[in-house]
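Asker: Below is the structure I would like to discuss, written out as structure tokens.
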Amino acid sequence: MKMFKHVFLTGPPGVGKTTLVQKVCEALVSSGVGVEGFYTEEVRDGGRRVGFDVVTMAGERGHLSRVRNTAGMAQGRREYTVGQYVVDLSSFENTALPLFRNAGSAGGGRRLVFVIDEIGKMELFSQSFIRAVRQTLDSSSYSILGTIPIPKGKPLGLVEEVRHRSDVKVFTVSKENRNAILQDVVSALQECLKQLLKMELLPLLVKEWKDTLAAV
């Protein structure tokens with residue numbers, strides 16, 4: 001039986017990945033699981049999308065991007081752009097990176113799900129973010145609930161790395177299944193947390209076994 005540590009959602013833009021992430025988090029919190037991290041939210045002005053914000057699970061908010069004419073970027077500064085959007089790299093890093101550094105500090109020893117919504121073109125301008133994601137993927141302390149875009153155009157290195165990891169279970173979200181798979185995603189994460197607990201307990205059991213043998 002294949003064992004997973006992390007769960008990622010993929011699907012086309014606007015299909016409801018972030019909404020599903022929020023519903024999964026609500027279900028996990030209600031079952032006593034600690035949830036930290038961030039999600040990405042559209043920013044609209046008069047019905048028109050003007051950018052995206054990063055929102056932490058604690059409700060703190062920072063700019064991720066704005067359309068060029070509302071971004072207010074300083075002249076002469078290097079611009080990181082995706083389509084019509086200018087990425088506010090410093091705002092993104094100031095909001096997101098401390099979450100990785102402080103993960104688990106308020107968990108009280110509970111198993112933790114760390115939310116990364118999303119790993120996409122905008123976020124991948126940050127080399128510090130890439131390093132933090134890799135470290136968290138390799139950690140035995142957290143299960144990640146994340147989102148990645150569907151393959152389109154030039155492959156994104158970290159996205160494809162995540163998609164093909166043997167310890168990642170990927171759900172493809174569509175308008176047809178986005179409501180039906182909620183419980184499947186929650187169950188998959190709960191199973192991931194059980195696997196993390198086993199990984200944590202195994203060295204203790206081995207030590208206990210060796211101590212018992214030594215005492216015989």
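How things are named: the first chain in the structure tokens is A, the next is B, and so on; residues count from 1 in each chain; ligands count from 1 in the order shown.
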Do a neighbour search on A:Gly120 at 9 Å with only C-alpha atoms, toss out local chain neighbours closer than 5 positions, and write the hits as a ChimeraX atom specification.
Answerer: /A:147-149,156,158-159
Asker: Print the selection's residues with all heavy atoms to a file, as an mmCIF file, in the first residue's frame.
Answerer:
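Generated output (part-v3.cif):
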data_model
loop_
_atom_site.group_PDB
_atom_site.id
_atom_site.type_symbol
_atom_site.label_atom_id
_atom_site.label_comp_id
_atom_site.auth_asym_id
_atom_site.auth_seq_id
_atom_site.Cartn_x
_atom_site.Cartn_y
_atom_site.Cartn_z
ATOM 1 N N THR A 147 -1.831 23.531 -3.338
ATOM 2 C CA THR A 147 -2.412 23.583 -4.674
ATOM 3 C C THR A 147 -1.304 23.865 -5.684
ATOM 4 O O THR A 147 -0.364 24.609 -5.405
ATOM 5 C CB THR A 147 -3.510 24.664 -4.804
ATOM 6 O OG1 THR A 147 -2.935 25.959 -4.584
ATOM 7 C CG2 THR A 147 -4.635 24.435 -3.805
ATOM 8 N N ILE A 148 -1.446 23.250 -6.853
ATOM 9 C CA ILE A 148 -0.526 23.474 -7.965
ATOM 10 C C ILE A 148 -1.343 23.627 -9.244
ATOM 11 O O ILE A 148 -2.428 23.055 -9.363
ATOM 12 C CB ILE A 148 0.493 22.323 -8.123
ATOM 13 C CG1 ILE A 148 -0.214 20.964 -8.192
ATOM 14 C CG2 ILE A 148 1.531 22.349 -7.020
ATOM 15 C CD1 ILE A 148 0.713 19.789 -8.428
ATOM 16 N N PRO A 149 -0.842 24.387 -10.208
ATOM 17 C CA PRO A 149 -1.582 24.551 -11.462
ATOM 18 C C PRO A 149 -1.483 23.297 -12.331
ATOM 19 O O PRO A 149 -0.581 22.476 -12.147
ATOM 20 C CB PRO A 149 -0.885 25.744 -12.129
ATOM 21 C CG PRO A 149 0.503 25.733 -11.558
ATOM 22 C CD PRO A 149 0.393 25.198 -10.170
ATOM 23 N N LEU A 156 6.986 24.195 -14.776
ATOM 24 C CA LEU A 156 7.507 24.905 -13.612
ATOM 25 C C LEU A 156 8.230 23.880 -12.732
ATOM 26 O O LEU A 156 7.605 22.929 -12.260
ATOM 27 C CB LEU A 156 6.372 25.579 -12.843
ATOM 28 C CG LEU A 156 5.546 26.602 -13.630
ATOM 29 C CD1 LEU A 156 4.348 27.060 -12.805
ATOM 30 C CD2 LEU A 156 6.411 27.794 -14.030
ATOM 31 N N LEU A 158 9.517 23.385 -9.611
ATOM 32 C CA LEU A 158 9.051 22.903 -8.310
ATOM 33 C C LEU A 158 7.665 22.267 -8.415
ATOM 34 O O LEU A 158 7.373 21.293 -7.722
ATOM 35 C CB LEU A 158 9.031 24.054 -7.295
ATOM 36 C CG LEU A 158 8.617 23.677 -5.878
ATOM 37 C CD1 LEU A 158 9.517 22.589 -5.293
ATOM 38 C CD2 LEU A 158 8.606 24.900 -4.967
ATOM 39 N N VAL A 159 6.820 22.808 -9.290
ATOM 40 C CA VAL A 159 5.475 22.245 -9.465
ATOM 41 C C VAL A 159 5.565 20.799 -9.949
ATOM 42 O O VAL A 159 4.891 19.904 -9.426
ATOM 43 C CB VAL A 159 4.654 23.090 -10.464
ATOM 44 C CG1 VAL A 159 3.336 22.393 -10.812
ATOM 45 C CG2 VAL A 159 4.372 24.466 -9.874
#
Asker: I want to know what sits within 9 Å of A:Gln84, based on only C-alpha atoms, with residues of the same chain fewer than 3 positions away left out; could you give that as an MDAnalysis selection string?
Answerer: chainID A and resid 66:68 81
Asker: Please save all heavy atoms of the selected residues as a PDB file, in the first residue's frame.
Answerer:
ATOM      1  N   ARG A  66      -0.675  42.882  -8.285  1.00  0.00           N
ATOM      2  CA  ARG A  66      -1.686  43.839  -8.730  1.00  0.00           C
ATOM      3  C   ARG A  66      -1.501  44.052 -10.230  1.00  0.00           C
ATOM      4  O   ARG A  66      -0.398  43.898 -10.757  1.00  0.00           O
ATOM      5  CB  ARG A  66      -1.554  45.190  -8.000  1.00  0.00           C
ATOM      6  CG  ARG A  66      -1.913  45.131  -6.511  1.00  0.00           C
ATOM      7  CD  ARG A  66      -3.387  44.868  -6.315  1.00  0.00           C
ATOM      8  NE  ARG A  66      -3.795  44.953  -4.918  1.00  0.00           N
ATOM      9  CZ  ARG A  66      -3.798  43.917  -4.064  1.00  0.00           C
ATOM     10  NH1 ARG A  66      -3.368  42.742  -4.473  1.00  0.00           N
ATOM     11  NH2 ARG A  66      -4.210  44.077  -2.823  1.00  0.00           N
ATOM     12  N   VAL A  67      -2.601  44.423 -10.904  1.00  0.00           N
ATOM     13  CA  VAL A  67      -2.454  44.778 -12.312  1.00  0.00           C
ATOM     14  C   VAL A  67      -1.555  46.001 -12.376  1.00  0.00           C
ATOM     15  O   VAL A  67      -1.523  46.821 -11.461  1.00  0.00           O
ATOM     16  CB  VAL A  67      -3.824  45.051 -12.985  1.00  0.00           C
ATOM     17  CG1 VAL A  67      -4.648  43.791 -13.083  1.00  0.00           C
ATOM     18  CG2 VAL A  67      -4.584  46.148 -12.268  1.00  0.00           C
ATOM     19  N   ARG A  68      -0.849  46.126 -13.474  1.00  0.00           N
ATOM     20  CA  ARG A  68       0.237  47.104 -13.566  1.00  0.00           C
ATOM     21  C   ARG A  68      -0.199  48.523 -13.188  1.00  0.00           C
ATOM     22  O   ARG A  68       0.494  49.218 -12.474  1.00  0.00           O
ATOM     23  CB  ARG A  68       0.804  47.102 -14.988  1.00  0.00           C
ATOM     24  CG  ARG A  68       2.030  47.977 -15.171  1.00  0.00           C
ATOM     25  CD  ARG A  68       2.554  47.867 -16.577  1.00  0.00           C
ATOM     26  NE  ARG A  68       2.906  46.504 -16.923  1.00  0.00           N
ATOM     27  CZ  ARG A  68       4.077  45.934 -16.617  1.00  0.00           C
ATOM     28  NH1 ARG A  68       4.981  46.628 -15.955  1.00  0.00           N
ATOM     29  NH2 ARG A  68       4.336  44.696 -16.974  1.00  0.00           N
ATOM     30  N   THR A  81       6.681  39.910 -13.418  1.00  0.00           N
ATOM     31  CA  THR A  81       5.330  39.976 -13.974  1.00  0.00           C
ATOM     32  C   THR A  81       4.853  38.611 -14.440  1.00  0.00           C
ATOM     33  O   THR A  81       5.629  37.764 -14.900  1.00  0.00           O
ATOM     34  CB  THR A  81       5.265  40.949 -15.167  1.00  0.00           C
ATOM     35  OG1 THR A  81       6.161  40.502 -16.196  1.00  0.00           O
ATOM     36  CG2 THR A  81       5.643  42.357 -14.747  1.00  0.00           C
TER      37      THR A  81
END
Asker: So the first atom is atom CA of A:Met3 and the second is atom CA of A:Gly146; what is the distance between them in Å, to one decimal place?
Answerer: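 These atoms are spaced 17.3 Å apart.
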Asker: Using only C-alpha atoms, what table do you get, as a tab-separated table, when you list each residue of stretch 112-208 of chain A with an atom no more than 8 Å from stretch 85-101 of chain A, its nearest pair of atoms, and their distance in Å rounded to one decimal, rows by chain then rising number?
Answerer:
residue	atom	partner	partner_atom	distance
A:Met122	CA	A:Val87	CA	6.3
A:Glu123	CA	A:Phe92	CA	7.7
A:Phe125	CA	A:Leu89	CA	7.4
A:Ser126	CA	A:Leu89	CA	6.9
A:Ser128	CA	A:Leu97	CA	7.7
A:Phe129	CA	A:Leu97	CA	6.6
A:Ala132	CA	A:Phe100	CA	6.5
A:Thr136	CA	A:Phe100	CA	7.6
Asker: Let's have the selection written as a PDB file, in the first residue's frame, with N, CA and C atoms.
Answerer:
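Contents of out-v3.pdb, freshly written:
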ATOM      1  N   MET A 122       3.696  33.059  -9.836  1.00  0.00           N
ATOM      2  CA  MET A 122       3.968  34.266  -9.050  1.00  0.00           C
ATOM      3  C   MET A 122       4.845  33.954  -7.847  1.00  0.00           C
ATOM      4  N   GLU A 123       4.475  32.906  -7.114  1.00  0.00           N
ATOM      5  CA  GLU A 123       5.201  32.554  -5.898  1.00  0.00           C
ATOM      6  C   GLU A 123       6.622  32.085  -6.204  1.00  0.00           C
ATOM      7  N   PHE A 125       8.836  33.174  -8.143  1.00  0.00           N
ATOM      8  CA  PHE A 125       9.877  34.193  -8.289  1.00  0.00           C
ATOM      9  C   PHE A 125      10.745  34.254  -7.031  1.00  0.00           C
ATOM     10  N   SER A 126      10.233  33.729  -5.919  1.00  0.00           N
ATOM     11  CA  SER A 126      10.959  33.786  -4.642  1.00  0.00           C
ATOM     12  C   SER A 126      11.777  32.519  -4.434  1.00  0.00           C
ATOM     13  N   SER A 128      13.613  31.998  -1.851  1.00  0.00           N
ATOM     14  CA  SER A 128      13.445  31.651  -0.436  1.00  0.00           C
ATOM     15  C   SER A 128      12.189  30.806  -0.235  1.00  0.00           C
ATOM     16  N   PHE A 129      11.134  31.126  -0.977  1.00  0.00           N
ATOM     17  CA  PHE A 129       9.897  30.342  -0.915  1.00  0.00           C
ATOM     18  C   PHE A 129      10.153  28.922  -1.423  1.00  0.00           C
ATOM     19  N   ALA A 132      11.928  26.978   1.212  1.00  0.00           N
ATOM     20  CA  ALA A 132      11.054  26.695   2.351  1.00  0.00           C
ATOM     21  C   ALA A 132      10.071  25.568   2.029  1.00  0.00           C
ATOM     22  N   THR A 136       9.845  21.885   3.902  1.00  0.00           N
ATOM     23  CA  THR A 136       8.597  21.449   4.527  1.00  0.00           C
ATOM     24  C   THR A 136       8.132  20.115   3.940  1.00  0.00           C
TER      25      THR A 136
END
Asker: Give me, please, the distance in Å between atom CA of A:Val82 and atom CA of A:Leu137, quoted to one decimal.
Answerer: 25.6 Å
Asker: Could you please determine the separation between atom CA of A:Glu42 and atom CA of A:Met57 in Å, to one decimal place?
Answerer: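 A separation of 15.8 Å between them.
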Asker: For A:Gln22, work out the shell of residues within 12 Å, counting only C-alpha atoms and skipping chain neighbours fewer than 4 positions away, then give it as a VMD selection string.
Answerer: chain A and resid 16 to 18 26 to 29 35 to 41 55 to 57 115 to 117 145 to 147 182 185 to 186
Asker: Which parts of stretch 20-202 of chain A does DSSP call strand (DSSP E or B) when run on the backbone here, written out as an MDAnalysis selection string?
Answerer: chainID A and resid 34:45 48:56 61:67 80:82 85:87 112:116 142:149 168:172
Asker: When you look at A:Ile181 with a cut-off of 12 Å (counting only C-alpha atoms), what residues show up, excluding the ones that are within fewer than 3 positions of it in the same chain? I need them as a count of residues only.
Answerer: 21
Asker: If you count only C-alpha atoms, which residues fall within 8 Å of stretch 191-196 of chain A, apart from same-chain ones fewer than 2 positions away, as a ChimeraX atom specification?
Answerer: /A:3-6,111-112,140-143,187-189,198-200
Asker: Mind the document's chain letters and residue numbers, and return as a PyMOL selection string the residues of stretch 34-191 of chain A that DSSP labels helix (DSSP H, G or I).
Answerer: chain A and resi 68-71+89-101+123-125+127-138+157-163+182-191
